[in-house]
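K.L.:
File name target.cif; file contents mmCIF, C-alpha atoms; full text below.
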data_coords
#
loop_
_atom_site.label_atom_id
_atom_site.label_comp_id
_atom_site.auth_asym_id
_atom_site.auth_seq_id
_atom_site.Cartn_x
_atom_site.Cartn_y
_atom_site.Cartn_z
CA MET A 1 16.17 -4.35 18.65
CA LEU A 2 18.11 -1.61 20.44
CA GLY A 3 18.56 1.84 19.01
CA ALA A 4 18.37 5.51 19.82
CA GLY A 5 14.68 5.20 20.61
CA PRO A 6 12.59 2.58 22.44
CA THR A 7 13.27 -1.11 22.07
CA LEU A 8 11.13 -2.52 19.26
CA SER A 9 10.05 -6.11 18.75
CA TYR A 10 9.90 -7.75 15.34
CA GLU A 11 9.87 -11.08 13.58
CA ILE A 12 11.04 -12.21 10.15
CA VAL A 13 8.91 -14.45 7.96
CA ARG A 14 11.45 -15.86 5.52
CA PRO A 15 10.78 -17.12 1.99
CA ALA A 16 9.46 -20.64 1.87
CA THR A 17 10.79 -21.17 -1.63
CA ASP A 18 14.22 -22.39 -2.68
CA PRO A 19 16.54 -19.61 -1.41
CA SER A 20 18.29 -19.50 -4.74
CA SER A 21 15.04 -18.54 -6.48
CA ALA A 22 13.62 -16.24 -3.80
CA SER A 23 13.07 -12.57 -4.48
CA ALA A 24 15.66 -10.17 -3.09
CA VAL A 25 12.86 -7.82 -2.02
CA THR A 26 12.11 -7.29 1.67
CA LEU A 27 8.59 -6.28 2.73
CA LEU A 28 8.46 -4.18 5.91
CA CYS A 29 4.99 -4.74 7.40
CA LEU A 30 3.45 -2.09 9.66
CA HIS A 31 0.26 -2.37 11.74
CA GLY A 32 -2.36 0.13 12.89
CA ASN A 33 -3.22 1.90 16.11
CA SER A 34 -5.17 -0.90 17.87
CA SER A 35 -3.01 -3.68 16.55
CA HIS A 36 0.32 -5.51 16.58
CA ARG A 37 2.61 -7.21 14.10
CA GLY A 38 0.52 -10.39 14.05
CA VAL A 39 -2.10 -8.71 11.89
CA TRP A 40 0.26 -9.19 8.91
CA ARG A 41 1.33 -12.77 9.60
CA LEU A 42 -1.24 -14.55 7.43
CA VAL A 43 -0.51 -12.28 4.48
CA ALA A 44 3.24 -12.71 4.99
CA ARG A 45 2.89 -16.48 4.93
CA GLU A 46 1.17 -16.20 1.56
CA LEU A 47 3.99 -14.06 0.16
CA VAL A 48 6.36 -17.01 0.21
CA GLU A 49 8.86 -15.55 -2.23
CA PHE A 50 9.63 -12.48 -0.11
CA ARG A 51 11.42 -11.79 3.15
CA CYS A 52 8.81 -10.13 5.37
CA VAL A 53 9.73 -8.11 8.45
CA LEU A 54 6.80 -7.71 10.86
CA LEU A 55 7.35 -4.81 13.28
CA ASP A 56 5.64 -3.85 16.55
CA PHE A 57 5.48 -0.07 16.91
CA ARG A 58 6.40 1.48 20.27
CA GLY A 59 3.61 0.95 22.78
CA HIS A 60 2.20 -1.99 20.80
CA GLY A 61 2.67 -5.74 20.94
CA ASP A 62 5.97 -6.66 22.56
CA SER A 63 7.67 -3.31 21.95
CA GLU A 64 8.56 -0.87 24.70
CA HIS A 65 6.13 1.71 26.08
CA VAL A 66 7.33 5.32 26.36
CA SER A 67 6.68 8.04 28.94
CA PRO A 68 5.68 10.75 28.42
CA PRO A 69 3.46 9.35 25.65
CA ALA A 70 4.79 9.86 22.12
CA TYR A 71 2.68 7.75 19.78
CA ASN A 72 1.84 9.91 16.79
CA PRO A 73 2.96 9.27 13.18
CA GLU A 74 6.05 11.43 13.50
CA HIS A 75 7.25 9.43 16.52
CA HIS A 76 6.73 6.12 14.74
CA ALA A 77 8.50 7.58 11.70
CA ASP A 78 11.61 8.21 13.80
CA ASP A 79 11.53 4.57 14.91
CA LEU A 80 11.15 3.46 11.30
CA ALA A 81 14.33 5.25 10.33
CA GLU A 82 16.17 3.20 12.96
CA ALA A 83 14.42 -0.05 12.03
CA VAL A 84 15.10 0.33 8.31
CA SER A 85 18.80 0.90 8.90
CA LYS A 86 19.03 -2.34 10.89
CA LEU A 87 16.48 -4.71 9.35
CA VAL A 88 16.21 -4.17 5.60
CA GLN A 89 18.36 -3.85 2.54
CA SER A 90 17.56 -2.40 -0.84
CA PRO A 91 15.25 -3.03 -2.56
CA TYR A 92 12.39 -3.07 -0.11
CA ALA A 93 8.74 -2.07 0.07
CA ILE A 94 6.61 -0.85 2.95
CA LEU A 95 3.24 -2.53 3.55
CA ALA A 96 1.26 -0.41 5.99
CA HIS A 97 -2.18 -1.06 7.44
CA SER A 98 -4.30 1.75 8.87
CA ALA A 99 -2.29 4.18 11.04
CA GLY A 100 0.88 2.42 9.91
CA ALA A 101 0.36 4.15 6.56
CA LEU A 102 0.50 7.54 8.28
CA ALA A 103 3.77 6.63 10.01
CA ALA A 104 5.22 5.36 6.74
CA THR A 105 4.25 8.60 4.99
CA ARG A 106 5.96 10.67 7.67
CA PHE A 107 9.06 8.51 7.32
CA ILE A 108 9.18 8.64 3.51
CA THR A 109 8.71 12.42 3.41
CA ASN A 110 10.81 13.33 6.46
CA PRO A 111 13.09 16.24 5.42
CA ARG A 112 15.35 15.65 8.43
CA LEU A 113 16.58 12.30 7.17
CA PRO A 114 20.02 12.26 5.53
CA ALA A 115 20.21 11.85 1.78
CA SER A 116 21.75 8.43 2.37
CA ALA A 117 18.66 7.13 4.19
CA LEU A 118 17.32 3.98 2.55
CA MET A 119 13.90 4.66 1.02
CA PRO A 120 11.36 2.05 -0.14
CA ALA A 121 10.96 1.25 -3.81
CA ALA A 122 7.21 0.79 -3.38
CA PHE A 123 4.50 1.52 -0.82
CA VAL A 124 1.24 -0.29 -0.04
CA TRP A 125 -1.30 1.86 1.83
CA VAL A 126 -4.08 -0.23 3.41
CA ASP A 127 -7.43 1.23 4.47
CA LEU A 128 -7.21 4.65 6.08
CA ASP A 129 -7.90 8.24 5.09
CA PRO A 130 -4.87 10.55 4.94
CA LEU A 131 -6.91 12.98 7.05
CA VAL A 132 -8.42 10.80 9.75
CA PRO A 133 -11.95 12.11 10.52
CA ARG A 134 -12.42 13.65 13.93
CA TRP A 135 -14.96 11.01 14.93
CA GLN A 136 -12.31 8.32 14.51
CA VAL A 137 -9.78 10.22 16.63
CA ASP A 138 -12.44 10.80 19.31
CA TYR A 139 -13.28 7.09 19.22
CA PHE A 140 -9.74 6.31 20.35
CA HIS A 141 -9.72 9.01 23.00
CA GLN A 142 -12.97 7.67 24.43
CA GLY A 143 -11.69 4.08 24.41
CA VAL A 144 -8.87 4.45 26.93
CA ALA A 145 -10.74 2.65 29.70
CA SER A 146 -11.55 -0.30 27.47
CA VAL A 147 -7.87 -0.74 26.61
CA ALA A 148 -6.77 -0.40 30.24
CA ARG A 149 -9.30 -2.86 31.70
CA THR A 150 -8.50 -6.34 32.98
CA PHE A 151 -10.34 -9.24 31.32
CA THR A 152 -11.17 -12.25 33.46
CA THR A 153 -10.59 -14.61 30.53
CA VAL A 154 -9.34 -14.46 26.95
CA ASP A 155 -12.92 -15.08 25.82
CA ASP A 156 -14.00 -11.87 27.57
CA ALA A 157 -11.52 -9.92 25.44
CA LEU A 158 -12.50 -11.88 22.34
CA ARG A 159 -16.17 -10.92 22.62
CA GLY A 160 -15.44 -7.25 22.17
CA PHE A 161 -13.45 -7.85 19.00
CA ARG A 162 -16.08 -10.26 17.71
CA ARG A 163 -18.78 -7.58 17.93
CA ILE A 164 -16.72 -5.23 15.81
CA TYR A 165 -15.36 -7.79 13.32
CA PRO A 166 -17.92 -10.59 12.94
CA ASN A 167 -16.50 -11.85 9.63
CA ILE A 168 -13.03 -12.83 10.82
CA PRO A 169 -12.85 -16.65 11.16
CA GLU A 170 -12.84 -17.76 14.79
CA ASP A 171 -9.36 -19.31 14.79
CA ARG A 172 -7.79 -16.23 13.20
CA LEU A 173 -9.50 -13.79 15.54
CA ARG A 174 -8.62 -15.81 18.64
CA SER A 175 -4.98 -16.04 17.61
CA PHE A 176 -4.79 -12.30 16.90
CA VAL A 177 -6.50 -11.28 20.14
CA THR A 178 -4.52 -13.71 22.31
CA GLU A 179 -1.22 -12.48 20.90
CA GLY A 180 -2.19 -8.96 21.93
CA LEU A 181 -2.82 -9.92 25.58
CA ARG A 182 -0.55 -10.45 28.57
CA GLU A 183 -1.44 -12.47 31.65
CA VAL A 184 -1.73 -10.62 34.98
CA ASP A 185 -2.77 -11.71 38.48
CA GLN A 186 -6.42 -10.86 37.92
CA GLY A 187 -6.69 -12.20 34.37
CA TRP A 188 -5.58 -10.65 31.09
CA ARG A 189 -4.72 -7.15 29.90
CA MET A 190 -3.91 -5.78 26.49
CA LYS A 191 -0.21 -5.31 25.76
CA LEU A 192 -1.18 -2.04 24.09
CA ASP A 193 -0.24 1.07 26.08
CA PRO A 194 -3.55 2.89 26.83
CA ALA A 195 -1.71 6.15 26.21
CA THR A 196 -1.60 5.28 22.52
CA TYR A 197 -5.34 5.93 22.52
CA GLU A 198 -5.34 8.86 24.91
CA SER A 199 -2.68 10.90 23.13
CA TRP A 200 -3.32 10.04 19.46
CA GLU A 201 -3.47 13.06 17.14
CA PRO A 202 -2.58 11.81 13.65
CA GLY A 203 -2.72 15.15 11.85
CA ASP A 204 -3.38 15.85 8.18
CA LEU A 205 -1.18 13.76 5.87
CA ARG A 206 -2.69 15.06 2.62
CA PRO A 207 0.01 17.73 2.04
CA ALA A 208 2.71 15.04 2.25
CA LEU A 209 1.21 12.75 -0.40
CA PRO A 210 2.64 14.54 -3.49
CA LYS A 211 6.14 14.01 -2.04
CA ILE A 212 5.80 10.21 -2.25
CA ALA A 213 7.46 9.56 -5.60
CA CYS A 214 7.48 5.77 -5.65
CA PRO A 215 4.59 3.59 -6.90
CA THR A 216 1.86 3.25 -4.29
CA LEU A 217 -0.90 0.67 -4.10
CA VAL A 218 -3.96 1.77 -2.14
CA ILE A 219 -6.05 -1.13 -0.83
CA ARG A 220 -9.36 -0.75 0.95
CA GLY A 221 -12.04 -3.12 2.17
CA ALA A 222 -15.27 -2.62 0.26
CA GLU A 223 -17.23 -2.80 3.53
CA SER A 224 -14.82 -0.66 5.55
CA ILE A 225 -16.16 2.39 7.37
CA VAL A 226 -12.64 3.67 7.94
CA THR A 227 -11.76 4.73 4.38
CA SER A 228 -14.18 7.29 2.96
CA ALA A 229 -14.88 8.38 -0.61
CA GLU A 230 -13.21 11.69 0.23
CA GLY A 231 -10.14 9.90 1.53
CA LEU A 232 -9.83 7.77 -1.59
CA THR A 233 -10.17 10.87 -3.74
CA ALA A 234 -7.39 12.60 -1.82
CA LEU A 235 -5.11 9.57 -2.23
CA SER A 236 -5.94 9.22 -5.93
CA ASP A 237 -5.50 12.90 -6.69
CA ARG A 238 -2.38 13.61 -4.66
CA LEU A 239 -0.22 10.48 -4.92
CA PRO A 240 1.96 10.92 -8.04
CA SER A 241 2.00 7.20 -8.94
CA ARG A 242 -0.81 5.11 -7.53
CA GLU A 243 -3.16 2.21 -8.11
CA VAL A 244 -6.34 1.56 -6.14
CA ARG A 245 -7.64 -1.90 -5.31
CA GLU A 246 -10.85 -2.74 -3.44
CA ILE A 247 -11.28 -6.08 -1.69
CA ASN A 248 -14.90 -7.22 -1.97
CA GLY A 249 -16.46 -8.11 1.38
CA GLY A 250 -13.50 -6.78 3.32
CA SER A 251 -13.84 -4.59 6.41
CA HIS A 252 -11.06 -2.55 7.97
CA MET A 253 -9.46 -5.81 9.16
CA LEU A 254 -9.27 -7.26 5.67
CA LEU A 255 -5.77 -8.60 6.40
CA LEU A 256 -7.40 -11.20 8.67
CA GLU A 257 -10.59 -11.64 6.63
CA HIS A 258 -9.05 -12.03 3.15
CA PRO A 259 -5.30 -12.62 3.51
CA GLU A 260 -5.01 -14.62 0.30
CA GLU A 261 -6.63 -11.92 -1.83
CA VAL A 262 -4.63 -9.15 -0.17
CA ALA A 263 -1.43 -11.13 -0.76
CA ARG A 264 -2.28 -11.64 -4.44
CA ALA A 265 -2.82 -7.91 -4.93
CA ILE A 266 0.47 -7.09 -3.19
CA ARG A 267 2.43 -9.75 -5.09
CA ASP A 268 1.17 -8.52 -8.45
CA PHE A 269 2.00 -4.92 -7.55
CA ILE A 270 5.47 -5.62 -6.14
CA GLN A 271 6.49 -7.87 -9.03
CA ARG A 272 5.46 -5.24 -11.56
CA GLN A 273 6.87 -2.21 -9.79
CA VAL A 274 9.91 -2.84 -7.65
CA LYS A 275 12.27 -3.98 -10.43
CA VAL A 276 11.87 -0.69 -12.28
CA ALA A 277 10.96 1.71 -9.47
CA ALA A 278 13.14 4.44 -8.09
CA PRO A 279 13.16 4.78 -4.29
CA CYS A 280 10.63 7.15 -2.71
CA GLY A 281 11.57 10.66 -1.69
#
In C-alpha coordinates, how does this file's structure come out?
P.N.:
Amino acid sequence: MLGAGPTLSYEIVRPATDPSSASAVTLLCLHGNSSHRGVWRLVARELVEFRCVLLDFRGHGDSEHVSPPAYNPEHHADDLAEAVSKLVQSPYAILAHSAGALAATRFITNPRLPASALMPAAFVWVDLDPLVPRWQVDYFHQGVASVARTFTTVDDALRGFRRIYPNIPEDRLRSFVTEGLREVDQGWRMKLDPATYESWEPGDLRPALPKIACPTLVIRGAESIVTSAEGLTALSDRLPSREVREINGGSHMLLLEHPEEVARAIRDFIQRQVKVAAPCG
(Lines of atoms letter the chains of each structure in order from A and count residues from 1; the text may use other names and numbers.)
(Lines give C-alpha, C1' and ligand atoms only; values in the text may rest on other atoms or scores of the structure.)
Protein backbone atom coordinates (compact mmCIF):
# COMPACT_ATOMS: atom_id res chain seq x y z
CA MET A 1 0.00 0.00 0.00
CA LEU A 2 1.56 3.28 -1.11
CA GLY A 3 0.86 6.56 0.60
CA ALA A 4 2.47 9.66 2.00
CA GLY A 5 4.41 7.58 4.51
CA PRO A 6 6.22 4.23 4.31
CA THR A 7 4.84 1.33 2.32
CA LEU A 8 2.71 -0.85 4.59
CA SER A 9 1.84 -4.51 4.12
CA TYR A 10 -1.58 -5.92 4.93
CA GLU A 11 -3.91 -8.80 4.24
CA ILE A 12 -7.69 -9.13 4.23
CA VAL A 13 -9.44 -12.06 5.86
CA ARG A 14 -12.85 -12.01 4.22
CA PRO A 15 -16.12 -13.33 5.67
CA ALA A 16 -16.55 -17.06 5.26
CA THR A 17 -20.31 -16.78 5.40
CA ASP A 18 -22.73 -16.16 2.55
CA PRO A 19 -21.76 -12.64 1.36
CA SER A 20 -25.39 -11.61 1.37
CA SER A 21 -25.63 -12.30 5.11
CA ALA A 22 -22.19 -11.04 6.14
CA SER A 23 -21.82 -8.07 8.44
CA ALA A 24 -20.91 -4.76 6.83
CA VAL A 25 -18.45 -4.09 9.65
CA THR A 26 -14.71 -4.08 8.96
CA LEU A 27 -12.30 -4.93 11.80
CA LEU A 28 -8.89 -3.24 11.50
CA CYS A 29 -6.45 -5.45 13.44
CA LEU A 30 -3.27 -3.93 14.89
CA HIS A 31 -0.33 -5.77 16.47
CA GLY A 32 2.18 -4.89 19.18
CA ASN A 33 5.80 -3.84 19.32
CA SER A 34 7.46 -7.28 18.95
CA SER A 35 4.90 -8.63 16.56
CA HIS A 36 3.38 -8.62 13.08
CA ARG A 37 -0.06 -8.94 11.53
CA GLY A 38 -0.08 -12.73 11.85
CA VAL A 39 -0.76 -12.46 15.58
CA TRP A 40 -4.41 -11.67 14.69
CA ARG A 41 -4.94 -14.30 12.01
CA LEU A 42 -6.41 -17.05 14.19
CA VAL A 43 -8.86 -14.63 15.80
CA ALA A 44 -9.79 -13.20 12.39
CA ARG A 45 -10.56 -16.67 11.07
CA GLU A 46 -12.96 -17.17 13.96
CA LEU A 47 -14.75 -13.89 13.19
CA VAL A 48 -16.18 -15.34 9.99
CA GLU A 49 -18.95 -12.78 9.62
CA PHE A 50 -16.61 -9.78 9.45
CA ARG A 51 -14.11 -8.39 6.98
CA CYS A 52 -10.82 -8.27 8.88
CA VAL A 53 -7.88 -6.13 7.74
CA LEU A 54 -4.58 -7.26 9.27
CA LEU A 55 -1.93 -4.53 9.09
CA ASP A 56 1.86 -4.60 9.54
CA PHE A 57 3.07 -1.38 11.14
CA ARG A 58 6.15 0.34 9.70
CA GLY A 59 9.30 -1.55 10.68
CA HIS A 60 7.33 -4.74 11.36
CA GLY A 61 6.48 -7.80 9.31
CA ASP A 62 6.60 -7.06 5.60
CA SER A 63 6.20 -3.29 5.92
CA GLU A 64 8.92 -0.80 5.13
CA HIS A 65 11.60 0.26 7.63
CA VAL A 66 12.23 3.98 8.11
CA SER A 67 15.40 5.97 8.74
CA PRO A 68 15.87 7.88 10.93
CA PRO A 69 13.81 5.66 13.25
CA ALA A 70 10.24 6.83 13.85
CA TYR A 71 8.38 4.03 15.59
CA ASN A 72 6.42 5.60 18.43
CA PRO A 73 2.61 5.68 18.74
CA GLU A 74 2.30 9.06 17.05
CA HIS A 75 4.19 7.80 13.98
CA HIS A 76 2.02 4.70 13.70
CA ALA A 77 -1.04 6.91 14.16
CA ASP A 78 -0.07 8.91 11.07
CA ASP A 79 0.17 5.66 9.10
CA LEU A 80 -3.24 4.60 10.42
CA ALA A 81 -4.84 7.73 9.04
CA GLU A 82 -3.53 6.76 5.59
CA ALA A 83 -4.48 3.09 5.98
CA VAL A 84 -8.03 3.85 7.12
CA SER A 85 -8.65 6.12 4.16
CA LYS A 86 -7.63 3.35 1.75
CA LEU A 87 -8.66 0.08 3.41
CA VAL A 88 -11.86 0.53 5.40
CA GLN A 89 -15.34 1.92 5.07
CA SER A 90 -17.82 2.89 7.73
CA PRO A 91 -18.72 1.28 10.02
CA TYR A 92 -15.50 -0.21 11.29
CA ALA A 93 -13.85 -1.10 14.58
CA ILE A 94 -10.22 -1.14 15.64
CA LEU A 95 -8.87 -4.25 17.38
CA ALA A 96 -5.48 -3.42 18.88
CA HIS A 97 -3.11 -5.70 20.76
CA SER A 98 -0.45 -4.30 23.09
CA ALA A 99 1.36 -1.26 21.63
CA GLY A 100 -1.16 -1.24 18.79
CA ALA A 101 -3.65 0.12 21.33
CA LEU A 102 -1.39 3.11 21.97
CA ALA A 103 -1.15 3.84 18.25
CA ALA A 104 -4.92 3.52 17.88
CA THR A 105 -5.46 5.93 20.77
CA ARG A 106 -3.16 8.50 19.19
CA PHE A 107 -5.03 8.11 15.91
CA ILE A 108 -8.51 8.39 17.43
CA THR A 109 -7.61 11.47 19.48
CA ASN A 110 -5.36 13.20 16.93
CA PRO A 111 -6.46 16.88 16.79
CA ARG A 112 -4.63 17.37 13.48
CA LEU A 113 -6.95 15.07 11.57
CA PRO A 114 -9.64 16.74 9.46
CA ALA A 115 -13.22 16.57 10.67
CA SER A 116 -13.97 14.31 7.71
CA ALA A 117 -11.52 11.63 8.88
CA LEU A 118 -13.24 8.27 9.28
CA MET A 119 -13.30 7.25 12.95
CA PRO A 120 -14.05 3.77 14.34
CA ALA A 121 -17.43 2.98 15.82
CA ALA A 122 -15.83 0.75 18.46
CA PHE A 123 -12.40 0.01 19.90
CA VAL A 124 -10.95 -3.17 21.42
CA TRP A 125 -7.89 -2.57 23.62
CA VAL A 126 -5.95 -5.78 24.31
CA ASP A 127 -3.49 -6.15 27.19
CA LEU A 128 -1.35 -3.09 27.82
CA ASP A 129 -1.22 -0.26 30.34
CA PRO A 130 -1.91 3.23 28.96
CA LEU A 131 1.26 4.32 30.78
CA VAL A 132 3.77 1.61 29.95
CA PRO A 133 5.99 1.03 33.03
CA ARG A 134 9.60 2.05 32.67
CA TRP A 135 10.81 -1.51 33.16
CA GLN A 136 8.92 -2.56 30.04
CA VAL A 137 10.39 0.25 27.96
CA ASP A 138 13.88 -0.59 29.25
CA TYR A 139 13.27 -4.24 28.36
CA PHE A 140 12.90 -3.24 24.72
CA HIS A 141 15.90 -0.94 24.78
CA GLN A 142 18.04 -3.72 26.22
CA GLY A 143 16.79 -6.25 23.65
CA VAL A 144 18.19 -4.62 20.51
CA ALA A 145 20.97 -7.18 20.11
CA SER A 146 18.56 -10.09 20.39
CA VAL A 147 16.41 -8.68 17.60
CA ALA A 148 19.41 -7.94 15.38
CA ARG A 149 21.07 -11.36 15.75
CA THR A 150 21.21 -14.05 13.08
CA PHE A 151 19.70 -17.43 13.99
CA THR A 152 21.27 -20.52 12.48
CA THR A 153 17.88 -22.23 12.20
CA VAL A 154 14.22 -21.40 12.72
CA ASP A 155 14.30 -23.64 15.80
CA ASP A 156 16.97 -21.40 17.33
CA ALA A 157 14.60 -18.44 17.06
CA LEU A 158 11.68 -20.54 18.27
CA ARG A 159 13.43 -21.49 21.52
CA GLY A 160 13.56 -17.91 22.70
CA PHE A 161 9.85 -17.39 22.14
CA ARG A 162 9.06 -20.74 23.75
CA ARG A 163 10.79 -19.70 26.98
CA ILE A 164 8.65 -16.59 27.21
CA TYR A 165 5.35 -18.11 26.04
CA PRO A 166 5.28 -21.79 27.04
CA ASN A 167 1.49 -22.11 26.71
CA ILE A 168 1.15 -21.33 23.01
CA PRO A 169 0.56 -24.59 21.08
CA GLU A 170 3.62 -25.66 19.11
CA ASP A 171 2.08 -25.33 15.65
CA ARG A 172 0.75 -21.83 16.37
CA LEU A 173 4.02 -20.58 17.83
CA ARG A 174 6.10 -22.01 14.98
CA SER A 175 3.83 -20.43 12.38
CA PHE A 176 3.95 -17.05 14.13
CA VAL A 177 7.72 -17.07 14.62
CA THR A 178 8.47 -18.29 11.08
CA GLU A 179 6.31 -15.58 9.54
CA GLY A 180 8.36 -13.00 11.42
CA LEU A 181 11.69 -14.24 10.01
CA ARG A 182 13.52 -13.68 6.73
CA GLU A 183 16.19 -15.96 5.32
CA VAL A 184 19.73 -14.58 4.97
CA ASP A 185 23.04 -16.13 3.90
CA GLN A 186 23.99 -17.13 7.43
CA GLY A 187 20.56 -18.33 8.52
CA TRP A 188 17.51 -16.36 9.65
CA ARG A 189 16.90 -12.85 10.95
CA MET A 190 13.81 -11.17 12.30
CA LYS A 191 11.97 -8.95 9.83
CA LEU A 192 11.50 -6.51 12.70
CA ASP A 193 13.67 -3.39 12.47
CA PRO A 194 15.91 -3.42 15.61
CA ALA A 195 15.42 0.34 15.79
CA THR A 196 11.82 -0.26 16.84
CA TYR A 197 13.27 -1.51 20.13
CA GLU A 198 16.09 1.00 20.41
CA SER A 199 13.99 4.11 19.88
CA TRP A 200 10.68 3.15 21.53
CA GLU A 201 9.28 5.78 23.90
CA PRO A 202 5.51 5.21 24.08
CA GLY A 203 4.66 8.11 26.38
CA ASP A 204 1.70 8.51 28.71
CA LEU A 205 -1.63 7.80 27.00
CA ARG A 206 -3.78 8.30 30.10
CA PRO A 207 -4.66 11.95 29.32
CA ALA A 208 -6.01 10.90 25.91
CA LEU A 209 -8.40 8.24 27.22
CA PRO A 210 -11.32 10.58 28.10
CA LYS A 211 -11.34 11.77 24.47
CA ILE A 212 -12.25 8.28 23.19
CA ALA A 213 -16.01 8.61 22.95
CA CYS A 214 -16.90 5.30 21.32
CA PRO A 215 -17.51 2.03 23.21
CA THR A 216 -14.26 0.34 24.19
CA LEU A 217 -13.70 -3.25 25.22
CA VAL A 218 -10.60 -3.82 27.35
CA ILE A 219 -9.33 -7.40 27.24
CA ARG A 220 -6.46 -8.72 29.33
CA GLY A 221 -4.93 -12.12 29.96
CA ALA A 222 -5.45 -13.19 33.56
CA GLU A 223 -1.82 -14.39 33.71
CA SER A 224 -0.35 -11.41 31.86
CA ILE A 225 2.45 -9.43 33.52
CA VAL A 226 2.02 -6.63 31.00
CA THR A 227 -1.30 -5.17 32.21
CA SER A 228 -1.19 -4.07 35.84
CA ALA A 229 -3.96 -3.36 38.35
CA GLU A 230 -3.04 0.33 38.08
CA GLY A 231 -3.32 0.21 34.31
CA LEU A 232 -6.74 -1.43 34.43
CA THR A 233 -7.90 1.18 36.92
CA ALA A 234 -6.74 3.99 34.64
CA LEU A 235 -8.57 2.45 31.67
CA SER A 236 -11.73 1.84 33.70
CA ASP A 237 -11.76 5.30 35.26
CA ARG A 238 -10.84 7.36 32.22
CA LEU A 239 -12.52 5.68 29.24
CA PRO A 240 -16.02 7.20 28.96
CA SER A 241 -17.67 4.00 27.69
CA ARG A 242 -15.88 0.76 28.47
CA GLU A 243 -16.22 -2.89 29.35
CA VAL A 244 -13.47 -5.05 30.82
CA ARG A 245 -13.02 -8.73 30.03
CA GLU A 246 -10.38 -11.06 31.48
CA ILE A 247 -9.37 -14.24 29.66
CA ASN A 248 -8.62 -16.98 32.19
CA GLY A 249 -5.22 -18.61 31.68
CA GLY A 250 -4.19 -16.06 29.08
CA SER A 251 -0.77 -14.39 29.04
CA HIS A 252 0.13 -11.30 27.04
CA MET A 253 -0.06 -13.42 23.86
CA LEU A 254 -3.62 -14.50 24.52
CA LEU A 255 -4.47 -14.00 20.82
CA LEU A 256 -2.41 -17.12 20.08
CA GLU A 257 -3.25 -18.99 23.29
CA HIS A 258 -7.04 -18.50 23.32
CA PRO A 259 -8.15 -17.21 19.89
CA GLU A 260 -11.62 -18.74 20.12
CA GLU A 261 -12.40 -17.10 23.46
CA VAL A 262 -10.97 -13.76 22.37
CA ALA A 263 -13.06 -13.93 19.19
CA ARG A 264 -16.23 -14.68 21.17
CA ALA A 265 -15.67 -11.67 23.40
CA ILE A 266 -15.05 -9.41 20.40
CA ARG A 267 -18.05 -10.74 18.46
CA ASP A 268 -20.40 -10.18 21.38
CA PHE A 269 -19.08 -6.65 21.90
CA ILE A 270 -19.16 -5.62 18.23
CA GLN A 271 -22.63 -7.02 17.63
CA ARG A 272 -24.01 -5.15 20.63
CA GLN A 273 -22.22 -1.87 20.07
CA VAL A 274 -21.46 -1.01 16.48
CA LYS A 275 -25.07 -0.79 15.24
CA VAL A 276 -25.89 1.94 17.73
CA ALA A 277 -22.49 3.53 18.35
CA ALA A 278 -21.38 6.93 17.20
CA PRO A 279 -17.86 7.14 15.77
CA CYS A 280 -15.02 7.96 18.18
CA GLY A 281 -13.64 11.45 18.52
K.L.:
Counting all atoms listed in the file, which of A:Thr196, A:Ser251, A:Ser228, A:Gln186 gets nearest to Ala70 of chain A?
P.N.:
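Residue with the minimum atom-to-atom distance to Ala70 of chain A: A:Thr196.
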K.L.:
If we count all atoms listed in the file and set the cut-off at 9 Å, which residues sit around segment 236-249 of chain A, ignoring sequence neighbours fewer than 3 positions away in its own chain? Please answer as a ChimeraX atom specification.
P.N.:
/A:206-224,231-233,254,257-258,261-262,265,269
K.L.:
Name the residues that the PyMOL selection byres ((chain A and resi 38-54) around 7) picks from the file above, as an NGL selection string, using the file's chain letters and numbers.
P.N.:
:A and (10-17 or 22-23 or 25-31 or 35-37 or 55-56 or 176 or 255-256 or 259-260 or 262-263 or 267)
K.L.:
Produce a table with one row for each residue of segment 188-273 of chain A that has an atom at most 10 Å from any atom of segment 143-151 of chain A, each row naming the nearest atom pair and its distance in Å at one decimal; use all atoms listed in the file; arrange rows by chain and rising residue number; format as a Markdown table.
P.N.:
| residue | atom | partner | partner_atom | distance |
| --- | --- | --- | --- | --- |
| A:Trp188 | CA | A:Phe151 | CA | 5.0 |
| A:Arg189 | CA | A:Thr150 | CA | 4.9 |
| A:Met190 | CA | A:Val147 | CA | 6.4 |
| A:Lys191 | CA | A:Val147 | CA | 9.0 |
| A:Leu192 | CA | A:Val147 | CA | 7.3 |
| A:Asp193 | CA | A:Val147 | CA | 7.9 |
| A:Pro194 | CA | A:Val144 | CA | 5.5 |
| A:Ala195 | CA | A:Val144 | CA | 7.4 |
| A:Thr196 | CA | A:Val144 | CA | 8.5 |
| A:Tyr197 | CA | A:Val144 | CA | 5.8 |
| A:Glu198 | CA | A:Val144 | CA | 6.0 |
| A:Ser199 | CA | A:Val144 | CA | 9.7 |
K.L.:
Just C-alpha atoms for this one: save the residues we selected as a CSV table (one decimal), in the frame of the given file.
P.N.:
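Generated file (result.csv):
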chain,number,residue,atom,x,y,z
A,188,TRP,CA,-5.6,-10.6,31.1
A,189,ARG,CA,-4.7,-7.2,29.9
A,190,MET,CA,-3.9,-5.8,26.5
A,191,LYS,CA,-0.2,-5.3,25.8
A,192,LEU,CA,-1.2,-2.0,24.1
A,193,ASP,CA,-0.2,1.1,26.1
A,194,PRO,CA,-3.6,2.9,26.8
A,195,ALA,CA,-1.7,6.2,26.2
A,196,THR,CA,-1.6,5.3,22.5
A,197,TYR,CA,-5.3,5.9,22.5
A,198,GLU,CA,-5.3,8.9,24.9
A,199,SER,CA,-2.7,10.9,23.1
K.L.:
One number please: atom CA of Leu8 of chain A to atom CA of Ala99 of chain A, in Å, one decimal.
P.N.:
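We find that atom CA of Leu8 of chain A and atom CA of Ala99 of chain A lie 17.1 Å from each other.
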K.L.:
First collect every listed atom of segment 7-16 of chain A; then fit an axis-aligned box around them, widen it by 6 Å on each side, and give centre and edge lengths in Å to one decimal, as JSON.
P.N.:
{"center_x": 11.1, "center_y": -10.9, "center_z": 12.0, "size_x": 16.4, "size_y": 31.5, "size_z": 32.2}
K.L.:
Expressed in Å to a single decimal, how great is the separation between atom CA of Lys275 of chain A and atom CA of Leu95 of chain A?
P.N.:
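Separating atom CA of Lys275 of chain A from atom CA of Leu95 of chain A is a distance of 16.7 Å.
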K.L.:
Tell me which residues the PyMOL selection byres ((chain A and resi 158-164) around 10) grabs here, as a PyMOL selection string.
P.N.:
chain A and resi 146+151+153-157+165-170+173-178+251+253
K.L.:
Spell out the residues picked by the PyMOL selection byres ((chain A and resi 204) around 7) here, as a ChimeraX atom specification.
P.N.:
/A:130-131,202-203,205-206
K.L.:
Which value, in Å to one decimal, gives the distance between atom CA of Gln273 of chain A and atom CA of Ile94 of chain A?
P.N.:
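Result for atom CA of Gln273 of chain A versus atom CA of Ile94 of chain A: 12.8 Å, one decimal.
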K.L.:
Go through A:Ala96, A:Ile266, A:Ala24, A:Leu128 one by one, measure the shortest atom-to-atom distance of each to Glu230 of chain A using all atoms listed in the file, and give the residue with the smallest value.
P.N.:
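That would be A:Leu128, the residue with the smallest distance to Glu230 of chain A.
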K.L.:
Using only C-alpha atoms, pick whichever of A:Arg134, A:His252, A:His60, A:His76 has the shortest atom-to-atom distance to Thr105 of chain A.
P.N.:
A:His76
K.L.:
Find, counting all atoms listed in the file, the residue in A:Leu80, A:Ile270, A:Ile225, A:Leu235 that gets nearest to Leu113 of chain A.
P.N.:
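Of A:Leu80, A:Ile270, A:Ile225, A:Leu235, the one nearest Leu113 of chain A is A:Leu80, counting all atoms listed in the file.
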